[in-house]
Amino acid sequence: MSTYLVKRLTYMIIILFAASLLIFCLYAFTPGDFISGNLKLSPERKEELRQIYGLNKPVLERYAIWMKNAFHGNFGYSLAQQKPVLQLFNEYIWNSFLLAIVSTFFTWLISVIIGVIAAYKQYSLFDSLIMVIIFAAMSIPSFFIGLLLIKGFAVDLKWLPPGGMTTTGSNATGLAYVKEVIQHMALPVMVMTLLSLGSLTRYFRSNMIDVIKQDYIRTARAKGLKERKVLFTHALRNALLPAITLVGFELPGLFGGSLIIEKIFNWPGIGQLYMSSFSSRDYPLLMGFTMFIAILTVIGTLLSDLLYKLADPRVKL
Amino acid sequence: MRKSAILLTTLILAGSLLLSACSSGGGNNTAAGSESSNVAANTSAENSAVTDDQPIAASDMSKLPALAQKRTDTIIVGLKNPSGAFTPYFHQSGYDGNVSSLLYSRLVTQDEQGLPVPELAESWDVSDDQLTYTFHLRKDLKFSDGSPMTAEDVAFTWTLLYDKAYDGDSIITAIGIKGGQDYKEGKATSIEGIQVSDPLTVSVTLEKPIATAPITLGGEVLSKAYYGKDYKFGDLEYIRKLHENPVGNGPYKLEKFIPGQEVRFVANEYFYLGKPKTEHFIYKTSEGDTWQYLETGEVDYGSFTATEDNLKKLKNMGYLNIVPYTPSVYGYLGVNLQHETYADKKVRQAITYGLDRQSIYVEANQGAGQVANIPTAPISWSYTEEGINPYEYDPEKAKQLLEEAGWTVGSDGIREKDGKKLTLHFLGSKSPSTDIFIALATEGFKEIGVDFQPEVFADFNALVDKYESGDYDLVSFSTPILSDPSDGVQQFINGEVKGYDNPKVKELYFDALSTSDTEQRKKYYAEMYKILNDELPIIFTSYRKSYYAYNGRLDGVVNNPFAGFQDVNNWSLK
Amino acid sequence: MSAVSGNLASGGAKTPVKAPVAKSSLWRQSIRRLMRNKLAVSGFVTVVFMILLCFIGPLFSPYSGNHNNLAMMNKPPSAQHWLGTDKLGRDILTRVMLAGRISLTVGFASMVLSVFIGSLLGAIAGYYRGVVDQIIMRIADLLLTIPSLPLLFIAGAMLSAWKVPTDYRMYIVMLMLSVVGWPGLARLVRGEMLSLREREYMQATIVLGLRDRRKLFHHLLPNITPLLIVIATLNIGGSILMESVLSFFGLGVIQPTPTWGNMIDAANNLIDFQERPWLWVPPGLCIFITVIAINIFGDGLRDVLDPKHKR
């Protein structure tokens, strides 16, 4: 096991190096650069600015410079926002994390419950209804669900705020602040949960169906155990076990932010920041953020491989 | 089925990343039809003006949401995405410019036609040779930290912009202050052309006469004591640390910046016209639609494309004053004059006749536009329709011109000349208005026998990249905000419109810049517009029309297309 | 661990171990069983109906889907225009049918492509393990870290520079996305393979000295087919919507050609959403019906093909 881990960690570092080079080149070769979009600048001034930013150097040289600085913990200044990249992360990423972690929690909770019931009552009305709702959510673009909820809950009913993270101009602190944030979170979390519910519910349902048909469940029933006990202790535990391998894959998503949701609900998250820096080709920020997600992705993959091993010991790593 | 969720979550993740990207491009509420919405200067949807349409007053204030009613000393305005670099001349995003225009006053501002009017400078004079401008400051000016503002601060600001490390997009460096280049190259320790004669008087000498100098030079003033404390030639790193703690002289001071959420201001007691009437002002970050905030009363002000839909909805809300305005920009189709086909004036004219601009920019756009025929906005003092060919949609005329140019209809209905097909390779960036253009133009060009080949680019940067490669016939653009008529015609002089070189236009351009007499300048521009309208080095398309709407309780709100929010110190809540 | 081990208990029994003759009769048997599942049959019929409607329907329409008529802008459904008109006065019904041609083609093609590449690489990695597995999976790790946005932009610029006709670009990009988008599915299939090959009946094939190909195609693939079917059918919706994303990047179809995705996208604002449901309901409904019909059919197919499911 430990040799496996050492090997995987070595690969991980190699992959990250390769990824950093690849990602750097991708951004560098994306048509247009930080300067080209500004129509106000004369061609001479554009050249001058490219010189100041070092954009006229060969890509590999720029990569070497970036890498050297990154090793010293210096991820540079965002060109568009004129702030250190790490400071910007700190300002935005936790807001995204908050949304993601809460909606992930609800997604798992709800999909386990629905999945189990749907599996138990396979082909029942409930099962079919759930399936229809899930597919509806999957075939409608998320901005529509967002608009629908804003229209209903915020504009017409005025139950919840239409967007943002706090009420504009509010000076609330402590518990009042927490309450405000929870109110503002409600709609985006609802949409995010709804969107990711589908696949996970189907996953649990089908796991559960597999498990229910097993001999030991029949045995448990034959022993005269209560149906609920059979379902929620014996069956559920076994149906959940393989799901822990999914946890690793959630990792990058927790910090990656969600572009549409953040945009529709004006949530001050990292997804919006990424999009705006992409359209302005703000290289230091793009590079920093993508590498951060890459690291999480690689760690997440390793994590889920290890968990997979835990869940199914027969698998040889 | 087991573990299929893994794949799905990753797919959905990737999908959402992409999808959101698409909605971000659609930002059609504030600036529909802006092909260049990525241009920093162009993005400030706040810039606006009143046209012949009349403002509409709020009809039913009882509909005002409770949230807005509760607010007594705060004005809230939606602003797309300020980033926190609030020092004028140094921000990279137009939204930061909107923030800094509340924090800093200018020496010279502009009226609603774009003519210069005094602000911090009481007056200015020009020497007889039109080369030396002398600015006279008002007495007792103070920065928001209470320190006095003098001519030294003005001189410092200009000098700073000539530093070789300066990376902003101010055009002060392009205006050519005498000795500026020497300073930039490190050959001089100060700029020869900038002279401070007393604490209230500063003069600047230019290398050649430029009539726009009062506006260009009359920008915001940075405090030398604050921004110049750590200044060493060639190193401007230190200034980044000051961006979030601005010291200005505008109506408001920065109270707090909450990234991605709001910028809070508090009235500046040292403002030269006295403390503003409303104690607090907030710019609320609103990336997507602003409708819902206006409807729930969370913001007091919003700006919208002037479509019938939008007007109807704004009117229905009842508690909004609605003011029509036209931004100082024009939209155009760049034509590749280096392609032999389009170097021919007749072909360009034929294309213009064959393009139903009224349908594309006005009708399909629900009235939120106006057909353009000259390179200046209809609100500018230089605008004229006299002797200007309107190029009304006329496919017969277009066909006739093409025949004259030697393009005859081939067997497949596409015109040919010397065995070459008449194709029109169009570039546009993806937006609802580009979709409309392509749908309607495809039909129209087919009618006159032109093979229209549209290509769409995901964002403005990608479009510019393709455009710079020269592989196109037609490309859709919109200008940045034009503060002076010379900005609108500059592209015909400085080589930006490649392959166009008309000595007469050049002569008129420099004549118009070498005099400060507005009437005289008007004549030069009128003549120039006539030539450009006939030769069509670019095809003029449209002017944008918008509305700004604000809470009926607000008094004194003025939005000027050239200077942005005006007299903010007088805005008050009833 | 009993849950997972339980899975295999009945596992091997149904797998066709015999000659191809037996296989074909098994197929016939499967189809017969499928026909008995009414839900699955109705799903299949619906899909066929959608396809026919989209490919034949426009021929009977009095309107051309791309003809603009500004006098008829944004009209609600009426006797002339059964589903109303869009912002350029084009007939929505005709456009929805025309759009289906592209959306359905793209949805199916990209689904087949990505499932094929993903499952092939995953199966190889899981079956051979060792060096092959290491190489494939590490490449997968690398690909997972690559952001899709710059990739799409670069592809767009390249296709434009090479003057690929805009109508074909989408298919090339779809191919490209499948080429970089396989890691998720490959990991899944590999995991399944790793687990399957340790099972008793696979041990048995080793004892019997069966060849690799036989083991892979006769014993392992039938066991993962149900999984693939479910994934494939679940992905259809995503693929159809993906097309509108590509269109957004200038990589998909260009206006005025309609697709379900870009028709919905054109109504992406509060006013159209509230006041003109006829703009977005028809294409939305089409995607929904297609997705649900295919999934119902897929579920039925899975039940029939899954060796583990005795009915």
# chains A, B, ... in the order shown; residues from 1 in each chain; ligands from 1

call {"tool": "closest_atom_pairs", "arguments": {"of": "chain A", "to": "chain B", "cutoff": "7 Å", "atoms": "only C-alpha atoms", "output": "JSON lines"}}
result
{"residue": "A:Pro31", "atom": "CA", "partner": "B:Ala462", "partner_atom": "CA", "distance": 5.0}
{"residue": "A:Gly32", "atom": "CA", "partner": "B:Asn461", "partner_atom": "CA", "distance": 4.8}
{"residue": "A:Asp33", "atom": "CA", "partner": "B:Asn461", "partner_atom": "CA", "distance": 6.9}
{"residue": "A:Ser36", "atom": "CA", "partner": "B:Asn461", "partner_atom": "CA", "distance": 6.4}
{"residue": "A:Gly37", "atom": "CA", "partner": "B:Asn461", "partner_atom": "CA", "distance": 5.0}
{"residue": "A:Asn38", "atom": "CA", "partner": "B:Val39", "partner_atom": "CA", "distance": 5.1}
{"residue": "A:Leu39", "atom": "CA", "partner": "B:Val39", "partner_atom": "CA", "distance": 6.4}
{"residue": "A:Lys40", "atom": "CA", "partner": "B:Pro480", "partner_atom": "CA", "distance": 7.0}
{"residue": "A:Leu41", "atom": "CA", "partner": "B:Asp169", "partner_atom": "CA", "distance": 6.7}
{"residue": "A:Leu49", "atom": "CA", "partner": "B:Asp167", "partner_atom": "CA", "distance": 6.2}
{"residue": "A:Ile52", "atom": "CA", "partner": "B:Ala165", "partner_atom": "CA", "distance": 6.9}
{"residue": "A:Ala80", "atom": "CA", "partner": "B:Gln92", "partner_atom": "CA", "distance": 5.3}
{"residue": "A:Gln81", "atom": "CA", "partner": "B:Ser83", "partner_atom": "CA", "distance": 5.5}
{"residue": "A:Gln82", "atom": "CA", "partner": "B:Arg240", "partner_atom": "CA", "distance": 6.3}
{"residue": "A:Glu91", "atom": "CA", "partner": "B:Pro259", "partner_atom": "CA", "distance": 6.7}
{"residue": "A:Val155", "atom": "CA", "partner": "B:Thr296", "partner_atom": "CA", "distance": 6.1}
{"residue": "A:Pro162", "atom": "CA", "partner": "B:Gln292", "partner_atom": "CA", "distance": 6.3}
{"residue": "A:Gly164", "atom": "CA", "partner": "B:Gln261", "partner_atom": "CA", "distance": 6.7}
{"residue": "A:Thr168", "atom": "CA", "partner": "B:Glu298", "partner_atom": "CA", "distance": 7.0}
{"residue": "A:Ser199", "atom": "CA", "partner": "B:Ala5", "partner_atom": "CA", "distance": 5.5}
{"residue": "A:Leu200", "atom": "CA", "partner": "B:Ala5", "partner_atom": "CA", "distance": 5.6}
{"residue": "A:Tyr203", "atom": "CA", "partner": "B:Ala5", "partner_atom": "CA", "distance": 6.1}
{"residue": "A:Ser206", "atom": "CA", "partner": "B:Met1", "partner_atom": "CA", "distance": 6.4}
{"residue": "A:Asn207", "atom": "CA", "partner": "B:Arg2", "partner_atom": "CA", "distance": 6.4}
{"residue": "A:Leu246", "atom": "CA", "partner": "B:Ile6", "partner_atom": "CA", "distance": 6.1}
{"residue": "A:Ser258", "atom": "CA", "partner": "B:Leu17", "partner_atom": "CA", "distance": 6.8}
{"residue": "A:Leu259", "atom": "CA", "partner": "B:Ser20", "partner_atom": "CA", "distance": 5.1}
{"residue": "A:Ile260", "atom": "CA", "partner": "B:Ser20", "partner_atom": "CA", "distance": 4.2}
{"residue": "A:Lys263", "atom": "CA", "partner": "B:Gly288", "partner_atom": "CA", "distance": 5.7}
{"residue": "A:Ile264", "atom": "CA", "partner": "B:Gly288", "partner_atom": "CA", "distance": 5.7}
{"residue": "A:Asn266", "atom": "CA", "partner": "B:Ser286", "partner_atom": "CA", "distance": 5.9}
{"residue": "A:Pro268", "atom": "CA", "partner": "B:Gly260", "partner_atom": "CA", "distance": 4.4}
{"residue": "A:Met275", "atom": "CA", "partner": "B:Ala21", "partner_atom": "CA", "distance": 6.9}
{"residue": "A:Ser279", "atom": "CA", "partner": "B:Asp459", "partner_atom": "CA", "distance": 6.8}

call {"tool": "write_last_selection", "arguments": {"atoms": "N, CA and C atoms", "output": "short mmCIF file (atom, residue, chain, number, x, y, z; two decimals), in the first residue's frame"}}
result
data_model
loop_
_atom_site.label_atom_id
_atom_site.label_comp_id
_atom_site.auth_asym_id
_atom_site.auth_seq_id
_atom_site.Cartn_x
_atom_site.Cartn_y
_atom_site.Cartn_z
N PRO A 31 -6.64 32.77 -28.73
CA PRO A 31 -6.55 33.97 -29.56
C PRO A 31 -6.80 35.26 -28.76
N GLY A 32 -6.04 36.28 -29.08
CA GLY A 32 -6.15 37.55 -28.38
C GLY A 32 -5.29 37.55 -27.14
N ASP A 33 -4.91 38.74 -26.65
CA ASP A 33 -4.22 38.78 -25.37
C ASP A 33 -4.78 39.92 -24.54
N SER A 36 -5.00 43.24 -26.62
CA SER A 36 -5.63 43.38 -27.94
C SER A 36 -7.08 43.86 -27.89
N GLY A 37 -7.78 43.60 -26.78
CA GLY A 37 -9.19 43.96 -26.73
C GLY A 37 -9.46 45.43 -26.53
N ASN A 38 -8.44 46.22 -26.16
CA ASN A 38 -8.66 47.63 -25.87
C ASN A 38 -8.52 48.48 -27.13
N LEU A 39 -9.66 48.87 -27.67
CA LEU A 39 -9.66 49.62 -28.93
C LEU A 39 -9.09 51.02 -28.79
N LYS A 40 -8.98 51.50 -27.55
CA LYS A 40 -8.52 52.87 -27.36
C LYS A 40 -7.03 53.03 -27.63
N LEU A 41 -6.30 51.91 -27.63
CA LEU A 41 -4.85 52.02 -27.71
C LEU A 41 -4.35 52.04 -29.14
N LEU A 49 3.00 48.38 -24.15
CA LEU A 49 2.39 47.68 -23.03
C LEU A 49 2.78 46.21 -23.01
N ILE A 52 5.99 46.05 -21.36
CA ILE A 52 5.90 46.21 -19.91
C ILE A 52 5.45 44.92 -19.25
N ALA A 80 -5.83 42.72 -14.68
CA ALA A 80 -7.04 43.53 -14.78
C ALA A 80 -7.42 44.15 -13.44
N GLN A 81 -7.21 43.42 -12.36
CA GLN A 81 -7.68 43.90 -11.07
C GLN A 81 -6.57 44.53 -10.24
N GLN A 82 -5.33 44.40 -10.69
CA GLN A 82 -4.21 45.04 -10.02
C GLN A 82 -4.06 44.64 -8.57
N GLU A 91 -10.53 36.49 -1.49
CA GLU A 91 -11.73 37.33 -1.43
C GLU A 91 -12.96 36.62 -1.99
N VAL A 155 -39.30 38.34 -6.75
CA VAL A 155 -40.00 39.50 -7.31
C VAL A 155 -41.48 39.49 -6.94
N PRO A 162 -33.47 38.69 -4.20
CA PRO A 162 -33.24 38.23 -5.57
C PRO A 162 -31.80 37.88 -5.89
N GLY A 164 -27.26 38.43 -4.66
CA GLY A 164 -26.24 39.00 -3.79
C GLY A 164 -26.01 38.09 -2.61
N THR A 168 -27.98 45.00 0.33
CA THR A 168 -27.13 46.14 -0.01
C THR A 168 -27.15 47.18 1.09
N SER A 199 -28.53 12.92 -11.38
CA SER A 199 -27.66 11.77 -11.61
C SER A 199 -27.42 11.00 -10.32
N LEU A 200 -27.27 11.73 -9.23
CA LEU A 200 -26.98 11.05 -7.97
C LEU A 200 -28.18 10.22 -7.51
N TYR A 203 -28.31 7.16 -9.41
CA TYR A 203 -27.21 6.31 -8.97
C TYR A 203 -27.61 5.52 -7.73
N SER A 206 -30.34 2.92 -8.42
CA SER A 206 -29.94 1.68 -9.07
C SER A 206 -29.07 0.82 -8.15
N ASN A 207 -28.24 1.47 -7.32
CA ASN A 207 -27.46 0.72 -6.34
C ASN A 207 -28.40 -0.04 -5.41
N LEU A 246 -17.11 8.54 -4.80
CA LEU A 246 -17.47 9.77 -5.51
C LEU A 246 -16.95 11.01 -4.79
N SER A 258 -19.47 28.17 -9.51
CA SER A 258 -20.41 27.82 -10.56
C SER A 258 -20.79 29.09 -11.30
N LEU A 259 -20.38 29.12 -12.58
CA LEU A 259 -20.52 30.38 -13.32
C LEU A 259 -21.95 30.88 -13.45
N ILE A 260 -22.84 30.01 -13.94
CA ILE A 260 -24.19 30.50 -14.22
C ILE A 260 -24.89 30.90 -12.94
N LYS A 263 -23.68 34.04 -11.57
CA LYS A 263 -24.06 35.19 -12.39
C LYS A 263 -25.53 35.54 -12.19
N ILE A 264 -26.39 34.52 -12.27
CA ILE A 264 -27.82 34.79 -12.14
C ILE A 264 -28.14 35.41 -10.79
N ASN A 266 -25.97 36.87 -8.75
CA ASN A 266 -24.99 37.85 -8.32
C ASN A 266 -24.21 37.43 -7.09
N PRO A 268 -20.97 36.64 -5.12
CA PRO A 268 -19.58 37.07 -5.35
C PRO A 268 -18.61 35.91 -5.30
N MET A 275 -14.44 33.78 -15.17
CA MET A 275 -14.99 34.11 -16.48
C MET A 275 -14.54 35.50 -16.92
N SER A 279 -12.19 36.44 -20.20
CA SER A 279 -12.50 37.28 -21.36
C SER A 279 -11.53 38.44 -21.47
#

call {"tool": "select_by_dssp", "arguments": {"residues": "range 15-242 of chain B", "states": "strand (DSSP E)", "output": "PyMOL selection string"}}
result
chain B and resi 74-79+108-110+116-118+121-126+132-137+194-198+201-205

call {"tool": "write_last_selection", "arguments": {"atoms": "N, CA and C atoms", "output": "CSV table (one decimal), in the first residue's frame"}}
result
chain,number,residue,atom,x,y,z
B,74,THR,N,-29.4,57.0,1.5
B,74,THR,CA,-28.5,56.2,0.7
B,74,THR,C,-29.1,56.1,-0.7
B,75,ILE,N,-28.3,56.3,-1.7
B,75,ILE,CA,-28.7,56.1,-3.1
B,75,ILE,C,-27.9,54.8,-3.6
B,76,ILE,N,-28.6,53.9,-4.2
B,76,ILE,CA,-28.0,52.7,-4.6
B,76,ILE,C,-28.1,52.5,-6.2
B,77,VAL,N,-27.0,52.3,-6.8
B,77,VAL,CA,-26.9,52.2,-8.3
B,77,VAL,C,-26.3,50.9,-8.6
B,78,GLY,N,-26.8,50.2,-9.6
B,78,GLY,CA,-26.2,48.9,-10.0
B,78,GLY,C,-25.0,49.2,-10.9
B,79,LEU,N,-23.9,48.4,-10.7
B,79,LEU,CA,-22.8,48.6,-11.6
B,79,LEU,C,-22.2,47.2,-11.8
B,108,VAL,N,-11.5,69.7,-16.0
B,108,VAL,CA,-12.4,70.2,-17.0
B,108,VAL,C,-13.4,69.1,-17.2
B,109,THR,N,-14.6,69.4,-17.3
B,109,THR,CA,-15.6,68.3,-17.6
B,109,THR,C,-16.3,68.7,-18.9
B,110,GLN,N,-17.3,67.9,-19.3
B,110,GLN,CA,-18.0,68.2,-20.6
B,110,GLN,C,-19.5,68.4,-20.4
B,116,PRO,N,-16.2,71.4,-23.6
B,116,PRO,CA,-15.5,71.5,-22.3
B,116,PRO,C,-16.1,72.6,-21.4
B,117,VAL,N,-16.3,72.3,-20.2
B,117,VAL,CA,-16.8,73.3,-19.2
B,117,VAL,C,-15.9,73.1,-17.9
B,118,PRO,N,-15.7,74.2,-17.2
B,118,PRO,CA,-14.8,74.2,-16.0
B,118,PRO,C,-15.3,73.3,-14.9
B,121,ALA,N,-10.8,73.4,-12.5
B,121,ALA,CA,-10.1,74.6,-13.1
B,121,ALA,C,-11.2,75.6,-13.3
B,122,GLU,N,-10.9,76.8,-12.8
B,122,GLU,CA,-11.9,77.9,-13.0
B,122,GLU,C,-12.0,78.3,-14.4
B,123,SER,N,-10.9,78.3,-15.1
B,123,SER,CA,-10.8,78.7,-16.5
B,123,SER,C,-9.5,78.3,-17.1
B,124,TRP,N,-9.3,78.4,-18.4
B,124,TRP,CA,-8.1,78.1,-19.0
B,124,TRP,C,-7.9,79.0,-20.2
B,125,ASP,N,-6.6,79.3,-20.6
B,125,ASP,CA,-6.4,80.1,-21.8
B,125,ASP,C,-5.4,79.3,-22.7
B,126,VAL,N,-5.5,79.7,-24.0
B,126,VAL,CA,-4.6,79.1,-25.0
B,126,VAL,C,-3.7,80.2,-25.5
B,132,THR,N,0.3,76.5,-26.0
B,132,THR,CA,0.4,76.5,-24.5
B,132,THR,C,-0.9,76.7,-23.9
B,133,TYR,N,-1.3,75.8,-23.0
B,133,TYR,CA,-2.6,75.9,-22.3
B,133,TYR,C,-2.3,76.2,-20.9
B,134,THR,N,-2.9,77.2,-20.3
B,134,THR,CA,-2.7,77.6,-18.9
B,134,THR,C,-4.0,77.4,-18.2
B,135,PHE,N,-4.0,76.5,-17.1
B,135,PHE,CA,-5.2,76.2,-16.3
B,135,PHE,C,-5.1,77.0,-15.0
B,136,HIS,N,-6.2,77.7,-14.7
B,136,HIS,CA,-6.3,78.4,-13.4
B,136,HIS,C,-7.2,77.7,-12.5
B,137,LEU,N,-6.7,77.3,-11.3
B,137,LEU,CA,-7.5,76.5,-10.4
B,137,LEU,C,-8.4,77.3,-9.5
B,194,ILE,N,5.8,71.3,-18.7
B,194,ILE,CA,4.9,71.6,-17.6
B,194,ILE,C,5.5,72.6,-16.7
B,195,GLN,N,4.8,73.7,-16.5
B,195,GLN,CA,5.3,74.8,-15.7
B,195,GLN,C,4.3,75.2,-14.6
B,196,VAL,N,4.7,75.3,-13.4
B,196,VAL,CA,3.8,75.8,-12.3
B,196,VAL,C,4.3,77.2,-12.0
B,197,SER,N,3.4,78.2,-12.2
B,197,SER,CA,3.9,79.5,-12.0
B,197,SER,C,3.5,80.0,-10.6
B,198,ASP,N,2.3,79.6,-10.1
B,198,ASP,CA,2.0,79.8,-8.7
B,198,ASP,C,1.0,78.7,-8.3
B,201,THR,N,-1.9,78.2,-10.6
B,201,THR,CA,-1.7,78.2,-12.1
B,201,THR,C,-0.7,77.2,-12.6
B,202,VAL,N,-1.1,76.5,-13.6
B,202,VAL,CA,-0.2,75.5,-14.2
B,202,VAL,C,-0.4,75.6,-15.7
B,203,SER,N,0.7,75.5,-16.4
B,203,SER,CA,0.6,75.6,-17.9
B,203,SER,C,1.4,74.5,-18.5
B,204,VAL,N,0.9,74.1,-19.7
B,204,VAL,CA,1.5,73.0,-20.4
B,204,VAL,C,1.7,73.3,-21.8
B,205,THR,N,2.9,73.0,-22.3
B,205,THR,CA,3.2,73.3,-23.7
B,205,THR,C,3.3,72.0,-24.5

call {"tool": "closest_atom_pairs", "arguments": {"of": "chain A", "to": "chain C", "cutoff": "9 Å", "atoms": "only C-alpha atoms", "output": "JSON lines"}}
result
{"residue": "A:Tyr11", "atom": "CA", "partner": "C:Arg138", "partner_atom": "CA", "distance": 7.6}
{"residue": "A:Met12", "atom": "CA", "partner": "C:Arg138", "partner_atom": "CA", "distance": 8.5}
{"residue": "A:Ile15", "atom": "CA", "partner": "C:Leu142", "partner_atom": "CA", "distance": 5.9}
{"residue": "A:Leu16", "atom": "CA", "partner": "C:Leu142", "partner_atom": "CA", "distance": 7.6}
{"residue": "A:Ala18", "atom": "CA", "partner": "C:Leu142", "partner_atom": "CA", "distance": 7.6}
{"residue": "A:Ala19", "atom": "CA", "partner": "C:Leu142", "partner_atom": "CA", "distance": 6.1}
{"residue": "A:Leu22", "atom": "CA", "partner": "C:Ile146", "partner_atom": "CA", "distance": 7.8}
{"residue": "A:Ile23", "atom": "CA", "partner": "C:Ile146", "partner_atom": "CA", "distance": 6.4}
{"residue": "A:Leu26", "atom": "CA", "partner": "C:Pro150", "partner_atom": "CA", "distance": 6.0}
{"residue": "A:Tyr27", "atom": "CA", "partner": "C:Pro150", "partner_atom": "CA", "distance": 5.9}
{"residue": "A:Ala28", "atom": "CA", "partner": "C:Pro150", "partner_atom": "CA", "distance": 9.0}
{"residue": "A:Phe29", "atom": "CA", "partner": "C:Ile154", "partner_atom": "CA", "distance": 6.8}
{"residue": "A:Thr30", "atom": "CA", "partner": "C:Ile154", "partner_atom": "CA", "distance": 5.2}
{"residue": "A:Pro31", "atom": "CA", "partner": "C:Ile154", "partner_atom": "CA", "distance": 6.5}
{"residue": "A:Met131", "atom": "CA", "partner": "C:Ile292", "partner_atom": "CA", "distance": 8.5}
{"residue": "A:Val132", "atom": "CA", "partner": "C:Ile292", "partner_atom": "CA", "distance": 7.2}
{"residue": "A:Phe135", "atom": "CA", "partner": "C:Ile292", "partner_atom": "CA", "distance": 6.1}
{"residue": "A:Ala136", "atom": "CA", "partner": "C:Phe288", "partner_atom": "CA", "distance": 5.9}
{"residue": "A:Ala137", "atom": "CA", "partner": "C:Phe288", "partner_atom": "CA", "distance": 8.9}
{"residue": "A:Met138", "atom": "CA", "partner": "C:Gly237", "partner_atom": "CA", "distance": 6.7}
{"residue": "A:Ser139", "atom": "CA", "partner": "C:Phe288", "partner_atom": "CA", "distance": 5.3}
{"residue": "A:Ile140", "atom": "CA", "partner": "C:Gly284", "partner_atom": "CA", "distance": 6.4}
{"residue": "A:Pro141", "atom": "CA", "partner": "C:Leu241", "partner_atom": "CA", "distance": 7.6}
{"residue": "A:Phe143", "atom": "CA", "partner": "C:Asn268", "partner_atom": "CA", "distance": 7.5}
{"residue": "A:Phe144", "atom": "CA", "partner": "C:Asn268", "partner_atom": "CA", "distance": 7.4}
{"residue": "A:Leu147", "atom": "CA", "partner": "C:Leu270", "partner_atom": "CA", "distance": 6.8}
{"residue": "A:Leu148", "atom": "CA", "partner": "C:Phe273", "partner_atom": "CA", "distance": 8.3}
{"residue": "A:Lys151", "atom": "CA", "partner": "C:Leu270", "partner_atom": "CA", "distance": 8.3}
{"residue": "A:Ser199", "atom": "CA", "partner": "C:Leu234", "partner_atom": "CA", "distance": 8.2}
{"residue": "A:Asp210", "atom": "CA", "partner": "C:Asn7", "partner_atom": "CA", "distance": 7.0}
{"residue": "A:Val211", "atom": "CA", "partner": "C:Ala3", "partner_atom": "CA", "distance": 6.1}
{"residue": "A:Lys213", "atom": "CA", "partner": "C:His309", "partner_atom": "CA", "distance": 8.8}
{"residue": "A:Gln214", "atom": "CA", "partner": "C:Gly6", "partner_atom": "CA", "distance": 5.9}
{"residue": "A:Asp215", "atom": "CA", "partner": "C:Gly6", "partner_atom": "CA", "distance": 7.4}
{"residue": "A:Tyr216", "atom": "CA", "partner": "C:Gly6", "partner_atom": "CA", "distance": 8.2}
{"residue": "A:Ala235", "atom": "CA", "partner": "C:Ala3", "partner_atom": "CA", "distance": 8.1}
{"residue": "A:Arg237", "atom": "CA", "partner": "C:Ala3", "partner_atom": "CA", "distance": 8.8}
{"residue": "A:Asn238", "atom": "CA", "partner": "C:Ala3", "partner_atom": "CA", "distance": 5.1}
{"residue": "A:Ala239", "atom": "CA", "partner": "C:Ala3", "partner_atom": "CA", "distance": 7.0}
{"residue": "A:Leu241", "atom": "CA", "partner": "C:Met1", "partner_atom": "CA", "distance": 8.3}
{"residue": "A:Pro242", "atom": "CA", "partner": "C:Val4", "partner_atom": "CA", "distance": 8.2}
{"residue": "A:Phe278", "atom": "CA", "partner": "C:Leu149", "partner_atom": "CA", "distance": 8.4}
{"residue": "A:Thr290", "atom": "CA", "partner": "C:Pro147", "partner_atom": "CA", "distance": 7.1}
{"residue": "A:Met291", "atom": "CA", "partner": "C:Thr145", "partner_atom": "CA", "distance": 8.0}
{"residue": "A:Ile293", "atom": "CA", "partner": "C:Thr145", "partner_atom": "CA", "distance": 7.3}
{"residue": "A:Ala294", "atom": "CA", "partner": "C:Thr145", "partner_atom": "CA", "distance": 4.6}
{"residue": "A:Ile295", "atom": "CA", "partner": "C:Thr145", "partner_atom": "CA", "distance": 7.9}
{"residue": "A:Leu296", "atom": "CA", "partner": "C:Thr145", "partner_atom": "CA", "distance": 9.0}
{"residue": "A:Thr297", "atom": "CA", "partner": "C:Thr145", "partner_atom": "CA", "distance": 6.4}
{"residue": "A:Val298", "atom": "CA", "partner": "C:Asp141", "partner_atom": "CA", "distance": 6.5}
{"residue": "A:Thr301", "atom": "CA", "partner": "C:Asp141", "partner_atom": "CA", "distance": 7.5}
{"residue": "A:Tyr308", "atom": "CA", "partner": "C:Gly191", "partner_atom": "CA", "distance": 8.4}
{"residue": "A:Ala311", "atom": "CA", "partner": "C:Met1", "partner_atom": "CA", "distance": 7.1}
{"residue": "A:Asp312", "atom": "CA", "partner": "C:Met1", "partner_atom": "CA", "distance": 6.7}
{"residue": "A:Pro313", "atom": "CA", "partner": "C:Met1", "partner_atom": "CA", "distance": 8.1}
{"residue": "A:Arg314", "atom": "CA", "partner": "C:Glu198", "partner_atom": "CA", "distance": 6.8}
{"residue": "A:Val315", "atom": "CA", "partner": "C:Ser195", "partner_atom": "CA", "distance": 5.7}
{"residue": "A:Lys316", "atom": "CA", "partner": "C:Leu194", "partner_atom": "CA", "distance": 7.6}
{"residue": "A:Leu317", "atom": "CA", "partner": "C:Leu194", "partner_atom": "CA", "distance": 9.0}
